[in-house]
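Text of the file target-v7.cif, holding mmCIF, C-alpha atoms:
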```cif
data_protein
#
loop_
_atom_site.label_atom_id
_atom_site.label_comp_id
_atom_site.auth_asym_id
_atom_site.auth_seq_id
_atom_site.Cartn_x
_atom_site.Cartn_y
_atom_site.Cartn_z
CA MET A 1 0.00 0.00 0.00
CA ASP A 2 1.45 3.38 -0.92
CA SER A 3 1.51 6.32 1.44
CA LYS A 4 -1.34 8.07 -0.31
CA GLN A 5 -3.66 5.14 0.21
CA ILE A 6 -2.60 4.96 3.83
CA GLU A 7 -3.33 8.63 4.32
CA GLN A 8 -6.76 8.23 2.81
CA LEU A 9 -7.45 5.24 4.97
CA LEU A 10 -6.28 7.13 8.03
CA GLU A 11 -8.58 10.01 7.24
CA LYS A 12 -11.43 7.52 7.01
CA TYR A 13 -10.30 6.01 10.26
CA TRP A 14 -10.43 9.31 12.18
CA ASN A 15 -13.91 9.87 10.80
CA CYS A 16 -14.97 6.40 11.93
CA ASP A 17 -15.86 5.30 8.40
CA THR A 18 -13.45 2.38 8.18
CA SER A 19 -14.62 -1.19 8.27
CA LEU A 20 -13.04 -3.75 10.57
CA GLU A 21 -11.00 -5.10 7.64
CA GLU A 22 -9.64 -1.67 6.78
CA GLU A 23 -8.70 -1.11 10.38
CA GLN A 24 -6.94 -4.44 10.28
CA GLN A 25 -5.00 -3.28 7.21
CA LEU A 26 -3.92 -0.11 8.97
CA ARG A 27 -2.74 -2.08 11.96
CA ALA A 28 -0.78 -4.45 9.75
CA HIS A 29 0.76 -1.55 7.90
CA PHE A 30 1.95 0.22 11.02
CA ARG A 31 3.56 -2.92 12.35
CA GLY A 32 6.27 -2.54 9.72
CA GLU A 33 8.66 0.28 8.96
CA VAL A 34 7.00 3.68 8.68
CA PRO A 35 8.34 7.08 7.64
CA GLU A 36 9.25 9.61 10.31
CA GLN A 37 6.11 11.74 10.00
CA MET A 38 3.89 8.70 10.53
CA GLN A 39 5.71 7.60 13.65
CA GLU A 40 3.19 9.02 16.12
CA VAL A 41 0.23 7.45 14.40
CA ALA A 42 2.09 4.16 14.21
CA GLU A 43 2.64 4.39 17.94
CA VAL A 44 -1.09 4.50 18.56
CA PHE A 45 -1.76 1.46 16.38
CA ARG A 46 1.12 -0.45 17.95
CA TYR A 47 -0.36 0.37 21.30
CA PHE A 48 -3.67 -1.21 20.29
CA ASP A 49 -1.81 -4.26 19.02
CA LEU A 50 0.21 -4.63 22.17
CA GLN A 51 -2.77 -4.20 24.42
CA LYS A 52 -4.47 -7.09 22.73
CA LYS A 53 -1.66 -9.37 23.83
CA GLN A 54 -2.32 -8.68 27.46
CA GLN A 55 -3.46 -11.76 29.28
CA VAL A 56 -4.74 -12.75 32.65
CA THR A 57 -1.64 -12.58 34.78
CA HIS A 58 -2.89 -14.99 37.39
CA PRO A 59 -1.19 -18.36 36.80
CA ASP A 60 -3.87 -20.71 38.18
CA PHE A 61 -6.81 -18.80 36.83
CA ASP A 62 -8.46 -21.66 34.94
CA ALA A 63 -7.99 -24.13 37.75
CA GLU A 64 -9.40 -21.66 40.24
CA VAL A 65 -12.48 -20.98 38.14
CA LYS A 66 -13.07 -24.68 37.55
CA LYS A 67 -12.75 -25.36 41.24
CA LYS A 68 -15.24 -22.65 42.13
CA VAL A 69 -17.61 -23.82 39.44
CA LYS A 70 -17.49 -27.41 40.65
CA GLN A 71 -18.02 -26.39 44.25
CA HIS A 72 -21.15 -24.57 43.29
CA ARG A 73 -24.39 -26.33 44.06
CA PRO A 74 -27.67 -25.04 42.71
CA GLU A 75 -29.59 -23.36 45.45
CA GLY A 76 -31.95 -25.92 46.97
CA LYS A 77 -35.55 -25.02 47.62
CA VAL A 78 -35.42 -26.64 51.06
CA ILE A 79 -32.60 -24.39 52.10
CA LYS A 80 -34.55 -21.41 50.88
CA LEU A 81 -37.67 -22.49 52.77
CA VAL A 82 -35.74 -23.09 55.96
CA TYR A 83 -34.12 -19.74 55.49
CA ASN A 84 -37.44 -17.97 54.99
CA TYR A 85 -39.14 -19.60 57.95
CA GLY A 86 -36.02 -19.06 59.96
CA SER A 87 -36.26 -15.35 59.44
CA ILE A 88 -39.91 -15.32 60.47
CA ALA A 89 -39.09 -17.35 63.59
CA ALA A 90 -36.26 -15.00 64.42
CA GLY A 91 -38.65 -12.06 64.13
CA LEU A 92 -41.09 -13.75 66.48
CA VAL A 93 -38.37 -14.46 69.01
CA VAL A 94 -37.41 -10.81 68.99
CA VAL A 95 -41.01 -9.71 69.54
CA VAL A 96 -41.56 -12.20 72.38
CA ALA A 97 -38.31 -11.25 74.05
CA ALA A 98 -39.12 -7.56 73.75
CA THR A 99 -42.58 -8.06 75.26
CA TYR A 100 -41.10 -10.03 78.13
CA PHE A 101 -38.59 -7.35 78.99
CA VAL A 102 -41.06 -4.52 78.64
CA ARG A 103 -43.47 -6.36 80.95
CA GLN A 104 -40.74 -6.80 83.50
CA GLU A 105 -39.88 -3.13 83.35
CA VAL A 106 -43.52 -2.16 83.74
CA ARG A 107 -43.91 -4.47 86.73
CA LYS A 108 -40.85 -2.97 88.32
CA ALA A 109 -42.10 0.54 87.76
CA TYR A 110 -45.63 -0.14 89.14
CA PRO A 111 -45.44 -2.80 91.82
CA ALA A 112 -48.74 -4.58 92.42
CA ASP A 113 -50.81 -3.08 95.31
CA VAL A 114 -52.80 -6.17 96.08
CA VAL A 115 -50.80 -8.72 97.87
CA ASP A 116 -51.98 -11.87 99.59
CA THR A 117 -52.32 -11.02 103.26
CA TYR A 118 -53.96 -14.11 104.70
CA SER A 119 -52.49 -17.50 104.91
CA ASP A 120 -55.54 -19.12 106.59
CA PRO A 121 -58.45 -19.55 104.15
CA ARG A 122 -61.12 -19.46 106.91
CA LEU A 123 -59.83 -16.13 108.15
CA ALA A 124 -59.78 -14.84 104.63
CA LEU A 125 -63.42 -15.92 104.20
CA GLU A 126 -64.41 -14.07 107.36
CA GLU A 127 -62.71 -10.94 106.21
CA THR A 128 -64.33 -11.19 102.79
CA LYS A 129 -67.74 -11.61 104.39
CA LYS A 130 -67.12 -8.58 106.51
CA ALA A 131 -66.14 -6.56 103.52
CA LEU A 132 -69.18 -7.69 101.55
CA MET A 133 -71.48 -6.87 104.49
CA LEU A 134 -70.01 -3.41 104.63
CA ILE A 135 -70.74 -2.91 100.98
CA SER A 136 -74.30 -4.21 101.25
CA LYS A 137 -74.93 -1.97 104.24
CA SER A 138 -73.84 1.00 102.27
CA PHE A 139 -76.08 -0.09 99.43
CA ASN A 140 -79.12 -0.31 101.69
CA LYS A 141 -78.40 3.09 103.12
CA ALA A 142 -78.13 4.57 99.71
CA GLN A 143 -81.44 2.94 98.68
CA LYS A 144 -83.27 4.56 101.58
CA GLU A 145 -81.96 7.94 100.55
CA ALA A 146 -83.04 7.21 96.99
CA GLY A 147 -86.59 6.49 98.31
CA ARG A 148 -86.79 10.03 99.57
CA ILE A 149 -85.84 11.40 96.21
CA LYS A 150 -88.71 9.40 94.76
CA VAL A 151 -91.20 11.37 96.87
CA PHE A 152 -89.83 14.55 95.42
CA ASN A 153 -90.11 13.23 91.92
CA GLU A 154 -93.75 12.23 92.41
CA ALA A 155 -94.58 15.62 93.79
CA GLU A 156 -92.94 17.32 90.84
CA GLU A 157 -94.87 15.16 88.40
CA LYS A 158 -98.17 15.98 90.11
CA ILE A 159 -97.49 19.69 89.87
CA GLN A 160 -96.53 19.45 86.26
CA GLY A 161 -99.60 17.35 85.41
CA LYS A 162 -101.83 19.92 86.99
CA SER A 163 -100.29 22.81 85.15
CA ILE A 164 -100.67 20.99 81.84
CA ASP A 165 -104.41 20.44 82.62
CA ASP A 166 -104.73 24.14 83.39
CA ASN A 167 -103.26 25.00 80.04
CA LYS A 168 -105.67 22.70 78.24
CA GLU A 169 -108.59 24.32 79.97
CA SER A 170 -107.45 27.79 79.08
CA VAL A 171 -107.17 26.81 75.42
CA LYS A 172 -110.74 25.55 75.43
CA ILE A 173 -111.95 28.88 76.67
CA MET B 1 -24.28 -26.57 29.63
CA ASN B 2 -21.86 -29.02 31.16
CA LEU B 3 -18.35 -28.33 32.33
CA GLU B 4 -16.88 -29.35 29.00
CA THR B 5 -18.90 -26.86 26.96
CA PHE B 6 -18.20 -24.27 29.56
CA GLU B 7 -14.48 -24.84 29.08
CA ILE B 8 -14.85 -24.54 25.32
CA ARG B 9 -17.33 -21.69 25.06
CA VAL B 10 -16.70 -19.49 28.07
CA LEU B 11 -13.29 -20.01 29.59
CA PRO B 12 -11.30 -19.03 26.45
CA SER B 13 -12.79 -15.51 26.53
CA LYS B 14 -11.05 -14.89 29.83
CA ASN B 15 -8.29 -12.70 28.35
CA LYS B 16 -10.70 -10.47 26.49
CA LEU B 17 -12.85 -10.13 29.58
CA PHE B 18 -9.78 -9.44 31.64
CA ARG B 19 -8.53 -6.71 29.33
CA PHE B 20 -11.93 -5.03 29.32
CA ALA B 21 -12.27 -5.20 33.10
CA PHE B 22 -8.72 -3.95 33.42
CA ARG B 23 -9.47 -1.01 31.14
CA LEU B 24 -12.40 -0.05 33.34
CA LEU B 25 -10.83 -0.70 36.72
CA GLY B 26 -7.14 -0.01 36.17
CA SER B 27 -6.08 -2.81 38.50
CA SER B 28 -5.12 -6.29 37.35
CA GLU B 29 -6.00 -7.88 40.69
CA GLU B 30 -9.52 -6.46 40.63
CA ALA B 31 -9.92 -7.21 36.94
CA LYS B 32 -9.06 -10.84 37.67
CA ASP B 33 -11.64 -10.99 40.45
CA VAL B 34 -14.28 -9.53 38.16
CA VAL B 35 -13.55 -12.09 35.44
CA GLN B 36 -13.86 -14.89 37.98
CA ASP B 37 -17.17 -13.48 39.16
CA VAL B 38 -18.35 -13.34 35.55
CA MET B 39 -17.42 -16.97 34.97
CA ILE B 40 -19.27 -18.09 38.08
CA LYS B 41 -22.27 -15.99 37.18
CA VAL B 42 -22.39 -17.50 33.71
CA TRP B 43 -22.08 -20.99 35.16
CA ASN B 44 -24.83 -20.40 37.71
CA GLY B 45 -27.17 -19.08 35.06
CA ARG B 46 -26.25 -21.63 32.44
CA GLU B 47 -29.79 -23.01 32.20
CA GLN B 48 -31.22 -19.65 31.13
CA MET B 49 -28.32 -18.93 28.79
CA ALA B 50 -28.82 -21.87 26.50
CA GLU B 51 -30.42 -19.73 23.82
CA ILE B 52 -27.77 -17.02 23.79
CA GLN B 53 -26.11 -16.80 20.40
CA ASN B 54 -23.07 -14.69 21.05
CA MET B 55 -21.76 -16.02 24.31
CA GLU B 56 -18.67 -13.84 24.25
CA ALA B 57 -20.60 -10.59 23.82
CA TRP B 58 -22.87 -11.70 26.62
CA CYS B 59 -19.88 -12.33 28.89
CA MET B 60 -18.45 -8.96 27.96
CA ARG B 61 -21.70 -7.33 28.94
CA ILE B 62 -21.68 -9.02 32.34
CA THR B 63 -18.05 -7.99 32.75
CA LYS B 64 -18.94 -4.39 32.03
CA ASN B 65 -21.77 -4.43 34.55
CA LEU B 66 -19.75 -6.08 37.31
CA ALA B 67 -16.76 -3.81 36.73
CA LEU B 68 -18.95 -0.71 36.84
CA ASP B 69 -20.62 -1.97 40.02
CA ARG B 70 -17.22 -2.32 41.54
CA LEU B 71 -16.14 1.12 40.36
CA ARG B 72 -19.18 2.67 41.90
CA SER B 73 -18.94 0.81 45.16
CA ARG B 74 -15.37 1.77 45.82
CA GLN B 75 -14.30 5.35 46.21
CA ARG B 76 -11.43 5.25 43.81
CA ARG B 77 -8.67 7.55 44.87
CA ALA B 78 -7.74 9.84 42.03
CA THR B 79 -4.09 9.41 42.87
CA ASP B 80 -4.07 5.66 42.19
CA PRO B 81 -1.37 4.99 39.67
CA ILE B 82 -2.53 3.34 36.49
CA GLU B 83 -0.76 0.10 35.83
CA SER B 84 0.61 -0.16 32.35
CA GLY B 85 -0.69 -3.70 32.34
CA MET B 86 1.90 -5.23 30.07
CA GLU B 87 5.48 -6.11 29.84
CA ILE B 88 7.37 -5.52 26.65
CA LYS B 89 9.07 -8.75 25.96
CA ASN B 90 11.22 -7.68 23.04
CA GLU B 91 14.68 -8.21 24.43
CA THR B 92 16.40 -7.05 21.24
CA LEU B 93 15.58 -3.41 21.94
CA THR B 94 18.20 -1.25 23.59
CA PRO B 95 17.31 -0.09 27.10
CA HIS B 96 16.80 3.40 25.77
CA GLU B 97 14.38 2.29 23.08
CA ARG B 98 12.58 0.16 25.56
CA THR B 99 12.00 3.03 27.98
CA GLU B 100 10.89 5.23 25.14
CA ILE B 101 8.34 2.72 23.93
CA HIS B 102 7.26 2.09 27.47
CA GLU B 103 6.80 5.80 28.08
CA ASN B 104 4.73 6.23 24.95
CA MET B 105 2.55 3.25 25.82
CA GLN B 106 2.11 4.51 29.33
CA ARG B 107 1.12 7.90 27.97
CA ILE B 108 -1.54 6.42 25.68
CA THR B 109 -2.83 4.26 28.53
CA GLU B 110 -3.20 7.32 30.72
CA MET B 111 -4.79 9.26 27.93
CA ILE B 112 -7.41 6.60 27.30
CA ALA B 113 -7.96 6.27 31.02
CA ALA B 114 -8.73 9.98 31.14
CA LEU B 115 -11.50 9.66 28.52
CA PRO B 116 -15.12 9.63 29.65
CA GLU B 117 -16.32 6.17 30.58
CA LYS B 118 -18.39 5.49 27.49
CA GLN B 119 -15.70 6.61 25.07
CA ARG B 120 -13.13 4.52 26.89
CA GLN B 121 -15.34 1.44 26.60
CA VAL B 122 -16.08 1.97 22.93
CA ILE B 123 -12.52 2.66 21.80
CA HIS B 124 -11.32 -0.38 23.74
CA LEU B 125 -13.90 -2.68 22.20
CA ARG B 126 -13.36 -1.40 18.69
CA ASP B 127 -9.68 -0.60 18.38
CA ILE B 128 -8.19 -3.15 20.72
CA GLU B 129 -10.63 -6.05 20.59
CA GLY B 130 -11.91 -5.44 17.06
CA TYR B 131 -15.63 -5.91 17.70
CA SER B 132 -18.20 -4.92 15.09
CA TYR B 133 -20.49 -1.99 15.80
CA ASN B 134 -23.40 -4.35 16.33
CA GLU B 135 -21.52 -6.32 18.91
CA ILE B 136 -20.49 -3.15 20.70
CA CYS B 137 -24.13 -2.06 20.82
CA GLU B 138 -25.01 -5.40 22.35
CA ILE B 139 -22.22 -5.33 24.91
CA LEU B 140 -22.70 -1.77 26.05
CA GLU B 141 -26.49 -1.75 25.69
CA LEU B 142 -26.34 1.39 23.58
CA ASP B 143 -27.79 2.26 20.18
CA MET B 144 -25.69 2.53 17.06
CA ASN B 145 -25.69 6.29 17.08
CA GLN B 146 -24.36 6.57 20.61
CA VAL B 147 -21.63 4.05 19.83
CA LYS B 148 -20.48 5.88 16.73
CA VAL B 149 -20.51 9.28 18.38
CA SER B 150 -18.52 7.96 21.34
CA LEU B 151 -15.98 6.30 19.08
CA PHE B 152 -15.61 9.43 16.98
CA ARG B 153 -14.97 11.53 20.07
CA ALA B 154 -12.56 9.03 21.55
CA ARG B 155 -10.51 8.67 18.36
CA ASN B 156 -10.35 12.38 17.92
CA ALA B 157 -9.23 12.88 21.48
CA VAL B 158 -6.40 10.45 20.81
CA LYS B 159 -5.54 12.17 17.58
CA GLU B 160 -5.56 15.64 19.12
CA LYS B 161 -3.75 14.87 22.31
CA PHE B 162 -1.27 12.17 21.62
CA ILE B 163 -0.23 13.06 18.12
CA LYS B 164 0.06 16.74 18.86
CA ILE B 165 2.11 16.14 21.99
CA ASN B 166 4.50 13.96 20.10
CA ALA B 167 4.73 16.25 17.12
CA TYR B 168 5.73 19.21 19.21
CA GLY B 169 7.62 17.19 21.75
CA LEU B 170 5.69 18.73 24.60
#
```

Reformat the file's structure so that it appears as C-alpha cells.
Amino acid sequence: MDSKQIEQLLEKYWNCDTSLEEEQQLRAHFRGEVPEQMQEVAEVFRYFDLQKKQQVTHPDFDAEVKKKVKQHRPEGKVIKLVYNYGSIAAGLVVVVAATYFVRQEVRKAYPADVVDTYSDPRLALEETKKALMLISKSFNKAQKEAGRIKVFNEAEEKIQGKSIDDNKESVKI
Amino acid sequence: MNLETFEIRVLPSKNKLFRFAFRLLGSSEEAKDVVQDVMIKVWNGREQMAEIQNMEAWCMRITKNLALDRLRSRQRRATDPIESGMEIKNETLTPHERTEIHENMQRITEMIAALPEKQRQVIHLRDIEGYSYNEICEILELDMNQVKVSLFRARNAVKEKFIKINAYGL
C-alpha cells in the first residue's frame, strides 16, 4: 500500500468510516517500517496491538475458576424455605423477648398493690364476708336515701300534670 | 451446559474479559476478580443462557456491569497509579528504546484512562478487541448512534492529544 492510500485510509479512520478489515489493514501496515512523519500514528496502532496481547496474569486462573464452578451447588428449595421460615421465627423471638422485657420493666415501675395477706383460708373468708357486708350496708343506706328522692319526683310530676291540665282548659276557653 | 462446553465456550474468553475489566478498573487484581465473578455468574445461570447466540458478547456485557458496580462501590482515589498492564518482551531493543516505547505506551494508557467512561469502553472494544459496531451495541447496551458518536470523540481525542504532543515534543 502506498503512502497516499494509507493517508486516505487514516482520514477515514479518524472519521470512523473504516470497516473492521480496513482497520486491520492499517494495523498491519503500522507494524512494519513507517516514515518519520507517521511515527506518532504508528505508535497508537502499535499500542492497540500490544494491548491485545495482554493476558490474565494470574497463573492458576483456569484451575481456580473450575474449582469454584465445581463447588457450586444449585440453590436448593429446602434451604430457601428453611431460610425464609427461619427469618420469620427470628422475628417472632425478637417480639416475644421484647414483650417479656417490657413487661418486667412495667412491673418494676408499678409494683402490684394487692398482695396476699392471709395465709388461713377461713380467716380470709371471714374478712371477705365482713367486707361484703359493709358494701351491702352502704347499698341499703343509699337505697333509703333514693326512696326520699322518689317522693320529690312524684310531687314534681303531680305539679306538672296539673299545670298541663290548666293549660288545656285555658285553650278551650 | 456441562463443564466441558463451559471450558470450550466461556473459559477461552477470559483474556478479552480481563482486558476489558482492566481497562475499566485499572487494576489487574480487581480485573481478575471480576472475570472470575463473571465466569461463576455464567455458570450459575447456564440453564437460562442456552439460547444465547453470542456467548462472548454476553460475557463482555456481564463484565462491564460487574466492573462498573465495583467502580461505583469503591471510592477510587484519584491518585491511584494506572498500571501499564503489560510487559514488553522484546529483548532485542536497547534499554533506551525500551523506555521510550514504554513511556509512549504509558502515555496512551493514561490518555485513554482519562477519557469519559463510554468513550473509553467503545474505543477499547473497537480498536483493541476489534468488535463490530453491532456487537459493541449489544455489549454496552447502547444504540448505534451513541456508539459511533462515542468512538468518533474518543478517536479524535487520541488524535488531538497524543499526536500533537509527540509532534511538538511537549

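Of note, atom CA of Pro12 of chain B and atom CA of Trp58 of chain B are spaced 13.7 Å apart.
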
Do me a favour and pick out the residues of chain B within 8 Å of chain A, using all atoms listed in the file, as a VMD selection string.
chain B and resid 11 14 to 16 18 to 19 28 32 36 39 to 40 43 to 44 85 to 86 104 to 105 108 127 to 132 148 151 to 152 155 to 156 159 162 to 163 166 to 167

One number please: atom CA of Val34 of chain A to atom CA of Leu9 of chain A, in Å, one decimal.
15.0 Å

re atom CA of Leu115 of chain B and atom CA of Leu140 of chain B: distance 16.2 Å

Could you tell me which residues the PyMOL selection byres ((chain B and resi 60-67) around 7) returns for this structure, as a ChimeraX atom specification?
/B:17,21,24-25,34-35,38,56-59,68-71,139-140
